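J.: Sending over a structure as structure tokens; questions will come in a sec.
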Amino acid sequence: MKTVGILALQGDFEAHRNAIERASDAAHPAQAIEVRTAADIARCDGLIIPGGESTTMWKLLEMEQLVEPIRAFAAQKPVYGSCAGAILLASEVTHPVQAALGLMDIAVERNAYGRRIDSQIATIQADGHDMEAVFIRAPIIRRAGPKTRVIASFAGDPVWVEQGRHMVTTFHPELSPNSPVHRRLLEKL
Ligand code: GLN
């Protein structure tokens, strides 16, 4: 049984916990735990940084002294970031510029869809299959470096990207009934 930690400082961590429980099966059995300390991180085989508000989450990561423990964890184990979590995994953040973990070679622009379509439910294709994608004040990945692989795009922009063991989505698969993203994370553990 593998253990997936969900960073639970802020944001929609509860929904990820349920998504991991739904994705767990005989081939990839996993449980989810909430992570708030470096000791919690040490118990995990993989880590999810959920959606929420990335400026607040970054401040809380610094206050709780979790930035270096997460970087050290990421040097060996997979980290998946959804929406605000994707912003925190990036190596470059704009609109406004802010610090991030730099775990993936991507540049993201926050709140990039503007007010008119800031939240929506779309159908996207991932590896040849249709899937639902819930966008909530999402960032746009403006650059995905040569070591990344784009698994899904929407309106011409990458929305699900992986780089080695790590992965980001600019949407919220934890809010859809059946998440191939969480299944993929379990395969990486
Ligand atoms: N707009 C948020 C940010 O920039 C992200 C939104 C989300 O996680 N749903 O941090």
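All residue names refer to the structure tokens as shown: chains lettered A, B, ... in order, residues numbered from 1 in each chain, ligands numbered from 1 in order.
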What residues have any atom no more than 10 Å from ligand 1 when counting only C-alpha atoms and all ligand atoms, and can you list them as a ChimeraX atom specification?
T.: /A:11-12,49-58,81-88,93-96,108-113,118-119,134-139,170-172
J.: From a backbone DSSP assignment, name each residue in stretch 14-171 of chain A labelled alpha helix (DSSP H), as a PyMOL selection string.
T.: chain A and resi 14-23+38-42+54-63+67-74+84-89
J.: For the strand (DSSP E or B) assignment from backbone DSSP, which residues of stretch 31-186 of chain A qualify? Please present them as a PyMOL selection string.
T.: chain A and resi 31-35+46-49+79-82+92-94+106-109+119-126+129-136+140-144+149-154+157-163+166-169
J.: Record the distance separating atom CA of A:Cys44 and atom CA of A:Lys188, expressed in Å with one decimal.
T.: 12.9 Å
J.: Counting only C-alpha atoms, which residue out of A:Gly164, A:Pro69, A:Pro173, A:Gly102 sits closest to A:Lys147?
T.: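 Ranked by minimum distance to A:Lys147, first place goes to A:Gly164.
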J.: Leaving out stretch 20-31 of chain A and any residue of its chain fewer than 2 positions from it, which residues lie within 9 Å of it when counting only C-alpha atoms, given as JSON, numbers by chain?
T.: {"A": [1, 2, 3, 4, 5, 15, 16, 17, 18, 33, 174, 177, 178, 179, 180, 182, 183, 186, 187, 189]}
J.: Any chance you can output those residues with C-alpha atoms as a CSV table (one decimal), in the first residue's frame?
T.:
chain,number,residue,atom,x,y,z
A,1,MET,CA,0.0,0.0,0.0
A,2,LYS,CA,1.5,3.3,-1.1
A,3,THR,CA,0.9,6.6,0.7
A,4,VAL,CA,0.1,9.8,-1.2
A,5,GLY,CA,0.4,13.0,0.8
A,15,ALA,CA,-11.2,16.6,-2.9
A,16,HIS,CA,-7.8,15.1,-3.8
A,17,ARG,CA,-8.0,12.8,-0.9
A,18,ASN,CA,-11.2,11.4,-2.3
A,33,ILE,CA,-2.9,11.4,4.2
A,174,GLU,CA,-10.1,15.9,-8.5
A,177,PRO,CA,-15.8,11.6,-11.1
A,178,ASN,CA,-13.0,9.6,-12.7
A,179,SER,CA,-9.5,11.1,-12.8
A,180,PRO,CA,-6.9,9.6,-15.2
A,182,HIS,CA,-4.7,10.5,-10.2
A,183,ARG,CA,-4.4,7.1,-11.7
A,186,LEU,CA,-0.4,6.1,-8.6
A,187,GLU,CA,1.4,4.4,-11.5
A,189,LEU,CA,4.7,5.7,-7.1
J.: Which is closest to A:Ala72 among A:Leu185, A:Leu101, A:Ser91, A:Gly145, if we use only C-alpha atoms?
T.: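 Of all the options, A:Leu101 lies closest to A:Ala72.
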J.: Just the residues within 12 Å of A:Thr123, please, counting only C-alpha atoms, with nothing from its chain fewer than 3 positions along; format it as a PyMOL selection string.
T.: chain A and resi 120+126+129-135+152-155+159+171+173+176
J.: So, counting only C-alpha atoms, which residue among A:Ile70, A:Ala107, A:Ala100, A:Leu61 is closest to A:Ala144?
T.: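 Ranking A:Ile70, A:Ala107, A:Ala100, A:Leu61 by distance to A:Ala144, first place goes to A:Ala107.
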J.: I want to know what sits within 10 Å of A:Thr37, based on only C-alpha atoms, with residues of the same chain fewer than 5 positions away left out; could you give that as a ChimeraX atom specification?
T.: /A:7-9,42,61,64-66,69
J.: Kindly export the residues of the current selection with C-alpha atoms, as an mmCIF file, in the first residue's frame.
T.:
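Listed below is the output, part01.cif:
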data_model
loop_
_atom_site.group_PDB
_atom_site.id
_atom_site.type_symbol
_atom_site.label_atom_id
_atom_site.label_comp_id
_atom_site.auth_asym_id
_atom_site.auth_seq_id
_atom_site.Cartn_x
_atom_site.Cartn_y
_atom_site.Cartn_z
ATOM 1 C CA LEU A 7 -0.462 19.278 1.140
ATOM 2 C CA ALA A 8 -3.197 20.551 3.464
ATOM 3 C CA LEU A 9 -2.173 24.107 4.314
ATOM 4 C CA ALA A 42 8.683 11.725 5.225
ATOM 5 C CA LEU A 61 5.074 26.906 2.822
ATOM 6 C CA GLU A 64 5.986 26.222 7.969
ATOM 7 C CA GLN A 65 9.531 25.754 6.576
ATOM 8 C CA LEU A 66 8.364 23.228 4.018
ATOM 9 C CA PRO A 69 11.739 19.472 2.609
#
